[in-house]
$ cat upload.tsv   # TSV, C-alpha atoms
chain	number	residue	atom	x	y	z
A	1	MET	CA	30.70	23.85	-76.72
A	2	THR	CA	29.06	27.16	-75.94
A	3	LEU	CA	26.11	26.11	-78.08
A	4	ALA	CA	25.86	22.69	-76.45
A	5	ARG	CA	25.38	24.04	-72.93
A	6	PRO	CA	21.89	25.51	-73.38
A	7	PHE	CA	20.77	22.36	-75.23
A	8	ALA	CA	22.11	20.17	-72.41
A	9	ALA	CA	19.52	21.68	-70.10
A	10	VAL	CA	16.65	20.62	-72.39
A	11	PRO	CA	16.48	16.93	-71.41
A	12	PHE	CA	16.77	17.92	-67.77
A	13	ALA	CA	13.89	20.37	-68.06
A	14	ALA	CA	11.83	17.83	-69.99
A	15	ALA	CA	12.40	15.21	-67.33
A	16	LEU	CA	11.30	17.69	-64.67
A	17	LEU	CA	8.14	18.47	-66.63
A	18	VAL	CA	7.34	14.78	-67.07
A	19	LEU	CA	7.87	14.10	-63.36
A	20	ALA	CA	5.67	17.03	-62.44
A	21	ALA	CA	2.98	15.83	-64.80
A	22	CYS	CA	3.16	12.30	-63.40
A	23	ALA	CA	2.97	13.55	-59.82
A	24	LYS	CA	-0.16	15.51	-60.68
A	25	GLU	CA	-1.85	12.73	-62.66
A	26	THR	CA	-1.11	9.69	-60.50
A	27	LEU	CA	-3.93	8.96	-58.10
A	28	PRO	CA	-3.26	7.34	-54.73
A	29	PRO	CA	-3.73	3.54	-55.06
A	30	VAL	CA	-6.68	3.58	-52.67
A	31	VAL	CA	-8.50	5.98	-55.00
A	32	VAL	CA	-7.95	3.59	-57.91
A	33	GLN	CA	-9.23	0.73	-55.75
A	34	ALA	CA	-12.26	2.77	-54.68
A	35	GLU	CA	-13.08	3.63	-58.27
A	36	SER	CA	-12.94	-0.02	-59.26
A	37	MET	CA	-15.18	-1.05	-56.36
A	38	VAL	CA	-17.73	1.71	-56.89
A	39	ARG	CA	-17.93	0.96	-60.62
A	40	ALA	CA	-18.39	-2.75	-60.00
A	41	ALA	CA	-21.10	-2.06	-57.43
A	42	GLU	CA	-22.89	0.31	-59.79
A	43	ALA	CA	-22.70	-2.29	-62.55
A	44	GLN	CA	-24.30	-4.83	-60.20
A	45	GLY	CA	-27.22	-2.45	-59.68
A	46	LEU	CA	-26.55	-1.79	-56.00
A	47	ALA	CA	-27.75	1.78	-56.50
A	48	GLN	CA	-31.27	0.40	-56.74
A	49	VAL	CA	-31.02	-1.55	-53.50
A	50	ALA	CA	-29.01	0.94	-51.43
A	51	PRO	CA	-29.33	4.31	-53.20
A	52	ASP	CA	-28.19	6.51	-50.29
A	53	GLU	CA	-25.02	4.50	-49.68
A	54	MET	CA	-24.12	4.33	-53.36
A	55	ARG	CA	-24.71	8.08	-53.77
A	56	ALA	CA	-22.46	8.75	-50.78
A	57	ALA	CA	-19.82	6.42	-52.21
A	58	ARG	CA	-19.96	8.09	-55.62
A	59	ASP	CA	-19.76	11.59	-54.05
A	60	SER	CA	-16.77	10.60	-51.91
A	61	LEU	CA	-15.03	9.03	-54.90
A	62	ASP	CA	-15.59	12.08	-57.10
A	63	ALA	CA	-14.32	14.34	-54.33
A	64	ALA	CA	-11.28	12.09	-53.87
A	65	LYS	CA	-10.47	12.26	-57.58
A	66	ALA	CA	-10.86	16.03	-57.60
A	67	SER	CA	-8.80	16.61	-54.48
A	68	ALA	CA	-5.28	17.96	-54.91
A	69	ASN	CA	-4.41	16.83	-51.40
A	70	ARG	CA	-3.31	13.19	-51.51
A	71	ILE	CA	-4.08	12.54	-47.85
A	72	GLN	CA	-7.56	13.96	-48.18
A	73	ALA	CA	-8.05	12.03	-51.42
A	74	SER	CA	-7.05	8.79	-49.71
A	75	ARG	CA	-9.42	9.41	-46.81
A	76	LEU	CA	-12.31	10.17	-49.14
A	77	ALA	CA	-11.52	7.04	-51.12
A	78	GLU	CA	-11.53	4.93	-47.95
A	79	GLU	CA	-14.93	6.36	-47.09
A	80	ALA	CA	-16.15	5.54	-50.62
A	81	ILE	CA	-14.98	1.95	-50.15
A	82	ALA	CA	-16.70	1.69	-46.77
A	83	GLN	CA	-19.94	3.06	-48.23
A	84	THR	CA	-19.75	0.57	-51.11
A	85	GLU	CA	-19.25	-2.28	-48.67
A	86	LEU	CA	-22.25	-1.06	-46.69
A	87	ALA	CA	-24.34	-0.99	-49.87
A	88	ASP	CA	-23.23	-4.53	-50.66
A	89	ALA	CA	-24.11	-5.70	-47.14
A	90	LYS	CA	-27.54	-4.10	-47.39
A	91	ALA	CA	-28.11	-5.80	-50.73
A	92	ALA	CA	-27.14	-9.15	-49.19
A	93	ALA	CA	-29.59	-8.54	-46.33
A	94	ALA	CA	-32.34	-7.69	-48.80
A	95	ARG	CA	-31.59	-10.82	-50.86
A	96	ALA	CA	-31.73	-12.97	-47.73
A	97	GLY	CA	-35.07	-11.43	-46.80
A	98	ALA	CA	-33.70	-9.98	-43.58
A	99	ALA	CA	-35.83	-7.63	-41.53
A	100	PRO	CA	-34.97	-3.92	-41.87
A	101	ILE	CA	-31.93	-2.97	-39.77
A	102	ILE	CA	-32.73	-0.85	-36.74
A	103	ARG	CA	-29.88	1.19	-35.27
B	1	MET	CA	-6.43	47.44	-25.71
B	2	THR	CA	-5.54	45.16	-22.84
B	3	VAL	CA	-9.23	44.62	-22.11
B	4	ARG	CA	-9.90	43.77	-25.73
B	5	PHE	CA	-7.05	41.29	-25.74
B	6	ALA	CA	-8.37	39.68	-22.56
B	7	VAL	CA	-11.90	39.37	-24.03
B	8	ALA	CA	-10.49	37.86	-27.21
B	9	LEU	CA	-8.42	35.40	-25.19
B	10	VAL	CA	-11.42	34.31	-23.08
B	11	ALA	CA	-13.55	33.89	-26.24
B	12	ALA	CA	-10.84	31.80	-27.89
B	13	VAL	CA	-10.58	29.59	-24.82
B	14	LEU	CA	-14.36	29.15	-24.76
B	15	VAL	CA	-14.53	28.27	-28.47
B	16	ALA	CA	-11.71	25.78	-28.05
B	17	GLY	CA	-13.46	24.27	-25.04
B	18	CYS	CA	-16.74	23.91	-26.93
B	19	SER	CA	-14.97	22.34	-29.86
B	20	THR	CA	-13.27	19.80	-27.60
B	21	ARG	CA	-16.61	18.97	-25.99
B	22	VAL	CA	-18.22	18.42	-29.41
B	23	GLU	CA	-15.37	16.13	-30.44
B	24	THR	CA	-15.58	14.24	-27.17
B	25	SER	CA	-19.33	13.86	-27.47
B	26	ARG	CA	-19.08	12.47	-31.03
B	27	LEU	CA	-16.46	10.00	-29.91
B	28	ASP	CA	-18.57	9.13	-26.89
B	29	LEU	CA	-21.57	8.43	-29.11
B	30	LEU	CA	-19.45	6.15	-31.26
B	31	ARG	CA	-18.02	4.39	-28.19
B	32	GLN	CA	-21.54	3.81	-26.88
B	33	ASP	CA	-22.66	2.48	-30.24
B	34	VAL	CA	-19.72	0.07	-30.44
B	35	ALA	CA	-20.30	-1.04	-26.84
B	36	ARG	CA	-23.99	-1.64	-27.56
B	37	VAL	CA	-23.19	-3.84	-30.55
B	38	ARG	CA	-20.49	-5.71	-28.59
B	39	ALA	CA	-22.92	-6.37	-25.72
B	40	ASP	CA	-25.54	-7.73	-28.11
B	41	GLN	CA	-22.99	-10.32	-29.35
B	42	THR	CA	-25.14	-11.30	-32.34
B	43	VAL	CA	-23.47	-8.81	-34.67
B	44	ALA	CA	-19.99	-9.60	-33.33
B	45	ARG	CA	-20.62	-13.32	-33.88
B	46	LEU	CA	-22.28	-13.11	-37.30
B	47	ALA	CA	-20.20	-10.27	-38.79
B	48	PRO	CA	-16.82	-10.33	-37.03
B	49	VAL	CA	-14.86	-8.71	-39.88
B	50	PRO	CA	-16.71	-5.39	-40.30
B	51	PHE	CA	-17.26	-5.19	-36.54
B	52	GLY	CA	-13.53	-5.68	-35.94
B	53	GLU	CA	-12.79	-2.94	-38.48
B	54	ALA	CA	-15.25	-0.61	-36.74
B	55	GLN	CA	-13.49	-1.19	-33.41
B	56	GLN	CA	-10.13	-0.55	-35.04
B	57	ASN	CA	-11.42	2.69	-36.59
B	58	LEU	CA	-12.73	3.79	-33.19
B	59	GLN	CA	-9.25	3.28	-31.69
B	60	LEU	CA	-7.69	5.29	-34.51
B	61	ALA	CA	-10.26	8.07	-33.98
B	62	GLU	CA	-9.41	8.13	-30.27
B	63	ALA	CA	-5.70	8.33	-31.05
B	64	ALA	CA	-6.31	11.18	-33.48
B	65	ALA	CA	-8.40	13.02	-30.87
B	66	GLN	CA	-5.59	12.71	-28.36
B	67	VAL	CA	-3.14	14.49	-30.65
B	68	GLY	CA	-5.77	17.03	-31.68
B	69	ASP	CA	-5.94	15.92	-35.33
B	70	THR	CA	-9.60	16.73	-35.92
B	71	ALA	CA	-9.66	15.92	-39.63
B	72	ARG	CA	-8.18	12.47	-39.01
B	73	MET	CA	-10.56	11.89	-36.11
B	74	ASP	CA	-13.57	12.87	-38.25
B	75	HIS	CA	-12.40	10.48	-40.94
B	76	PHE	CA	-12.12	7.52	-38.59
B	77	ILE	CA	-15.41	8.31	-36.83
B	78	ALA	CA	-17.15	8.29	-40.23
B	79	LEU	CA	-15.42	5.03	-41.19
B	80	ALA	CA	-16.26	3.38	-37.86
B	81	GLN	CA	-19.90	4.39	-38.13
B	82	THR	CA	-20.21	3.07	-41.68
B	83	ARG	CA	-18.53	-0.20	-40.71
B	84	LEU	CA	-20.84	-0.63	-37.73
B	85	ASP	CA	-23.79	-0.27	-40.12
B	86	THR	CA	-22.12	-2.77	-42.46
B	87	ALA	CA	-21.69	-5.21	-39.57
B	88	ARG	CA	-25.36	-4.84	-38.66
B	89	ALA	CA	-26.45	-5.47	-42.26
B	90	ARG	CA	-24.12	-8.47	-42.68
B	91	ALA	CA	-25.33	-9.93	-39.39
B	92	ALA	CA	-28.97	-9.48	-40.43
B	93	ALA	CA	-28.28	-11.22	-43.75
B	94	GLN	CA	-26.44	-14.08	-42.07
B	95	ALA	CA	-29.17	-14.48	-39.44
B	96	ALA	CA	-31.80	-14.68	-42.19
B	97	VAL	CA	-29.77	-17.29	-44.07
B	98	GLU	CA	-29.33	-19.36	-40.90
B	99	GLN	CA	-33.01	-19.07	-40.11
B	100	GLN	CA	-33.95	-20.25	-43.59
B	101	ALA	CA	-31.54	-23.19	-43.34
B	102	ALA	CA	-33.04	-24.17	-39.98
B	103	GLN	CA	-36.55	-23.94	-41.42
B	104	ALA	CA	-35.56	-26.09	-44.40
B	105	GLN	CA	-34.01	-28.66	-42.05
B	106	ARG	CA	-37.14	-28.71	-39.88
B	107	ALA	CA	-39.31	-29.17	-42.98
B	108	GLN	CA	-37.07	-32.01	-44.14
B	109	ILE	CA	-37.31	-33.75	-40.77
B	110	GLU	CA	-41.07	-33.27	-40.64
B	111	SER	CA	-41.39	-34.62	-44.18
B	112	ALA	CA	-39.29	-37.69	-43.31
B	113	GLU	CA	-41.33	-38.24	-40.16
B	114	SER	CA	-44.59	-37.92	-42.03
B	115	ARG	CA	-43.32	-40.33	-44.72
B	116	ALA	CA	-42.35	-42.82	-42.03
B	117	ALA	CA	-45.74	-42.45	-40.32
B	118	ARG	CA	-47.55	-42.94	-43.63
B	119	LEU	CA	-45.49	-46.01	-44.40
B	120	GLU	CA	-46.20	-47.40	-40.97
B	121	ALA	CA	-49.93	-46.80	-41.44
B	122	GLU	CA	-49.84	-48.51	-44.82
B	123	LEU	CA	-47.97	-51.48	-43.40
B	124	GLU	CA	-50.63	-51.90	-40.79
B	125	GLY	CA	-52.79	-53.07	-43.68
B	126	LEU	CA	-50.50	-56.06	-44.05
B	127	ARG	CA	-50.70	-58.68	-41.40
B	128	ALA	CA	-47.25	-58.99	-39.89
B	129	ARG	CA	-46.05	-61.49	-37.32
B	130	GLN	CA	-42.68	-62.21	-35.81
B	131	THR	CA	-41.35	-65.73	-36.24
B	132	GLU	CA	-38.02	-67.40	-35.56
B	133	ARG	CA	-37.16	-66.95	-39.21
B	134	GLY	CA	-37.96	-63.23	-39.20
B	135	THR	CA	-40.98	-60.99	-39.84
B	136	VAL	CA	-43.68	-62.55	-41.99
B	137	TYR	CA	-46.09	-60.32	-43.93
B	138	THR	CA	-49.17	-62.13	-45.20
B	139	LEU	CA	-50.84	-60.95	-48.39
B	140	SER	CA	-54.27	-62.41	-49.00
B	141	GLU	CA	-55.58	-63.66	-52.34
B	142	VAL	CA	-56.95	-60.23	-53.26
B	143	LEU	CA	-53.64	-59.81	-55.10
B	144	PHE	CA	-54.70	-62.32	-57.78
B	145	GLU	CA	-57.74	-63.39	-59.78
B	146	THR	CA	-58.86	-66.93	-58.95
B	147	GLY	CA	-56.65	-69.49	-60.67
B	148	LYS	CA	-54.36	-66.80	-62.12
B	149	ALA	CA	-50.88	-65.62	-61.28
B	150	GLN	CA	-51.08	-62.08	-62.68
B	151	LEU	CA	-51.26	-59.29	-60.09
B	152	LYS	CA	-54.53	-57.39	-60.03
B	153	PRO	CA	-54.22	-53.64	-60.66
B	154	GLY	CA	-55.29	-52.97	-57.07
B	155	ALA	CA	-52.46	-55.16	-55.75
B	156	VAL	CA	-49.97	-52.35	-56.28
B	157	SER	CA	-51.40	-50.34	-53.39
B	158	ARG	CA	-50.86	-53.38	-51.12
B	159	LEU	CA	-47.38	-54.21	-52.35
B	160	GLN	CA	-45.90	-50.72	-52.66
B	161	PRO	CA	-45.69	-50.12	-48.87
B	162	LEU	CA	-43.88	-53.42	-48.57
B	163	ALA	CA	-41.44	-52.37	-51.31
B	164	ASP	CA	-40.89	-49.03	-49.53
B	165	LEU	CA	-40.23	-50.85	-46.27
B	166	LEU	CA	-37.74	-53.19	-47.91
B	167	LYS	CA	-35.96	-50.26	-49.54
B	168	SER	CA	-35.57	-48.67	-46.13
B	169	GLN	CA	-34.00	-51.92	-44.83
B	170	PRO	CA	-31.29	-52.69	-47.39
B	171	GLU	CA	-29.61	-55.22	-45.10
B	172	THR	CA	-32.53	-57.63	-45.14
B	173	ARG	CA	-33.28	-60.64	-47.34
B	174	VAL	CA	-36.73	-61.36	-48.64
B	175	GLY	CA	-38.30	-64.79	-49.11
B	176	ILE	CA	-41.60	-64.90	-50.96
B	177	GLU	CA	-43.72	-67.98	-50.47
B	178	GLY	CA	-46.86	-68.68	-52.45
B	179	HIS	CA	-49.62	-70.83	-50.86
B	180	THR	CA	-52.90	-72.19	-52.23
B	181	ASP	CA	-55.94	-73.93	-50.82
B	182	ALA	CA	-56.48	-77.62	-51.40
B	183	ALA	CA	-58.81	-77.24	-54.36
B	184	GLY	CA	-57.27	-78.74	-57.52
B	185	SER	CA	-54.32	-81.05	-57.88
B	186	ALA	CA	-51.26	-80.67	-55.70
B	187	GLU	CA	-49.07	-80.28	-58.78
B	188	TYR	CA	-51.26	-77.53	-60.22
B	189	ASN	CA	-51.37	-75.76	-56.87
B	190	ARG	CA	-47.59	-75.90	-56.48
B	191	GLU	CA	-47.08	-74.46	-59.95
B	192	LEU	CA	-49.73	-71.76	-59.37
B	193	SER	CA	-48.22	-70.79	-56.00
B	194	GLN	CA	-44.75	-70.63	-57.61
B	195	ARG	CA	-45.97	-68.31	-60.35
B	196	ARG	CA	-47.78	-66.12	-57.82
B	197	ALA	CA	-44.66	-65.87	-55.65
B	198	GLU	CA	-42.66	-64.95	-58.76
B	199	ALA	CA	-45.20	-62.27	-59.68
B	200	VAL	CA	-44.72	-60.66	-56.27
B	201	ARG	CA	-40.94	-61.01	-56.60
B	202	ASP	CA	-41.01	-59.33	-60.02
B	203	PHE	CA	-43.06	-56.48	-58.64
B	204	LEU	CA	-40.59	-55.88	-55.79
B	205	ILE	CA	-37.63	-55.98	-58.18
B	206	GLY	CA	-39.45	-53.57	-60.47
B	207	ALA	CA	-40.00	-51.32	-57.46
B	208	GLY	CA	-36.25	-51.12	-56.88
B	209	ILE	CA	-35.40	-54.06	-54.62
B	210	GLU	CA	-32.12	-55.71	-55.60
B	211	PRO	CA	-32.85	-59.10	-57.30
B	212	GLN	CA	-30.21	-60.91	-55.25
B	213	ARG	CA	-32.12	-60.06	-52.06
B	214	VAL	CA	-35.35	-61.67	-53.23
B	215	ALA	CA	-36.18	-65.39	-53.58
B	216	ALA	CA	-39.55	-66.84	-54.61
B	217	ARG	CA	-40.88	-70.29	-53.79
B	218	GLY	CA	-44.18	-72.06	-54.49
B	219	MET	CA	-45.32	-74.00	-51.42
B	220	GLY	CA	-48.56	-75.29	-52.98
B	221	GLU	CA	-51.25	-76.49	-50.61
B	222	ASP	CA	-48.88	-78.08	-48.07
B	223	PHE	CA	-48.89	-75.32	-45.41
B	224	PRO	CA	-52.49	-74.35	-44.73
B	225	ILE	CA	-53.22	-71.85	-41.94
B	226	ALA	CA	-56.94	-72.68	-41.82
B	227	ASP	CA	-59.16	-75.66	-42.70
B	228	ASN	CA	-59.87	-76.26	-46.36
B	229	GLU	CA	-63.45	-77.32	-45.72
B	230	SER	CA	-65.08	-73.87	-45.52
B	231	PRO	CA	-64.88	-71.05	-48.07
B	232	ALA	CA	-63.51	-68.74	-45.34
B	233	GLY	CA	-60.75	-71.21	-44.45
B	234	ARG	CA	-59.80	-71.74	-48.08
B	235	GLN	CA	-59.65	-67.98	-48.58
B	236	GLN	CA	-57.15	-67.70	-45.73
B	237	ASN	CA	-55.04	-70.48	-47.19
B	238	ARG	CA	-54.79	-68.78	-50.58
B	239	ARG	CA	-52.04	-66.31	-49.73
B	240	VAL	CA	-48.54	-65.06	-50.34
B	241	GLU	CA	-46.21	-64.76	-47.37
B	242	VAL	CA	-43.23	-62.45	-47.46
B	243	LEU	CA	-40.52	-63.35	-45.00
B	244	VAL	CA	-38.13	-60.53	-44.15
B	245	SER	CA	-34.98	-61.61	-42.34
B	246	GLU	CA	-31.57	-60.18	-41.57
B	247	ALA	CA	-28.95	-60.96	-44.21
B	248	ARG	CA	-26.39	-63.43	-42.88
$ encode --input "upload.tsv" --output "structure tokens"
Amino acid sequence: MTLARPFAAVPFAAALLVLAACAKETLPPVVVQAESMVRAAEAQGLAQVAPDEMRAARDSLDAAKASANRIQASRLAEEAIAQTELADAKAAAARAGAAPIIR
Amino acid sequence: MTVRFAVALVAAVLVAGCSTRVETSRLDLLRQDVARVRADQTVARLAPVPFGEAQQNLQLAEAAAQVGDTARMDHFIALAQTRLDTARARAAAQAAVEQQAAQAQRAQIESAESRAARLEAELEGLRARQTERGTVYTLSEVLFETGKAQLKPGAVSRLQPLADLLKSQPETRVGIEGHTDAAGSAEYNRELSQRRAEAVRDFLIGAGIEPQRVAARGMGEDFPIADNESPAGRQQNRRVEVLVSEAR
């Protein structure tokens, strides 16, 4: 019985370690979504049509993945998504032969 | 010490004031940008989704500014600005697509009009007259060699406009009547006029006119339109008439 007590703490400690590891590894869902969108856009060659936007999206995504702060990571991921959507819109405008956009 | 504290306090207040002004000015710029796009209406009409998102982000930035959450405000200002740019790009793409569609439609209309005008000009080459039975188009003997019922190669250019016209009027019926001059026997002339009418009928069917719409009849020499004494009169009598009437 005296021997069993220290061993009883082992599963508990292991579970704690696993939970801690999971908490560190799991990315916020919006980061996962941003990664998927940025990758798809890169695969479509949007970087050639809208290089600035795709670079900004990639930078935001990388920063989001590196961030330890989940709120900051989510915000950066949202900005990556918005930049990817902008790149896509610019590509659509180029395909349609639209005049350059003046702000 | 008290003086130092007072100086530090004044400096802190000034820094805070400047910071607030910077935040306000960035928000103001964004507000002006959103208002400009809204006033233009083109972007709001052609790209309502990203423009709506930009407006929403502006509201969230304003709310964050009110509670002094600068990081959140910065985030929503950046998002709003990107979505405004997205709305502009989407609107430009959509406008270009609509413009191309309008151009294609105009070209199609112009092409149809020019086809109709060409057809009309070609039909002017056929003598048409209105009768109680319908419109009668008269084709002179140049369609056939003398004494033959086979269409001359050049006849196609005369008959094709008629076929095009008939195709554009699918509700009409077509009666083809062959006529000859009085030279030769009446029996021979009737048979020749029948074969000539059938040759024209076959051409029209070959050109896409439904067979059930077309009937051919040989009228022989019985319905002259000029005297048969002179070569000019006989030439006028040798003809094929195409009667176009409404289907009953």
$ residues_around --input "upload.tsv" --residues "Ser36 in chain A" --least-positions-apart "5" --cutoff "12 Å" --atoms "only C-alpha atoms" --output "list in words"
Pro29, Val30, Val31, Ala41, Glu42, Ala43, Ala57, Arg58, Leu61, Ala77, Ala80, Ile81 and Thr84 of chain A
$ interface_residues --input "upload.tsv" --of "chain B" --to "chain A" --cutoff "10 Å" --atoms "all atoms listed in the file" --output "ChimeraX atom specification"
/B:33,37,50,71-72,75-76,78-100
$ residues_around --input "upload.tsv" --residues "range 242-245 of chain B" --least-positions-apart "5" --cutoff "7 Å" --atoms "only C-alpha atoms" --output "ChimeraX atom specification"
/B:133-138,172-177
$ atom_distance --input "upload.tsv" --atom1 "CA of Arg39 in chain A" --atom2 "CA of Leu46 in chain B"
27.6 Å
$ atom_distance --input "upload.tsv" --atom1 "CA of Leu162 in chain B" --atom2 "CA of Glu221 in chain B"
24.3 Å
$ closest_residue --input "upload.tsv" --among "B:Gly220, B:Gly206, B:Ala199, B:Leu27" --to "Gly184 in chain B" --atoms "only C-alpha atoms"
B:Gly220
$ atom_distance --input "upload.tsv" --atom1 "CA of Arg190 in chain B" --atom2 "CA of Gly178 in chain B"
8.3 Å
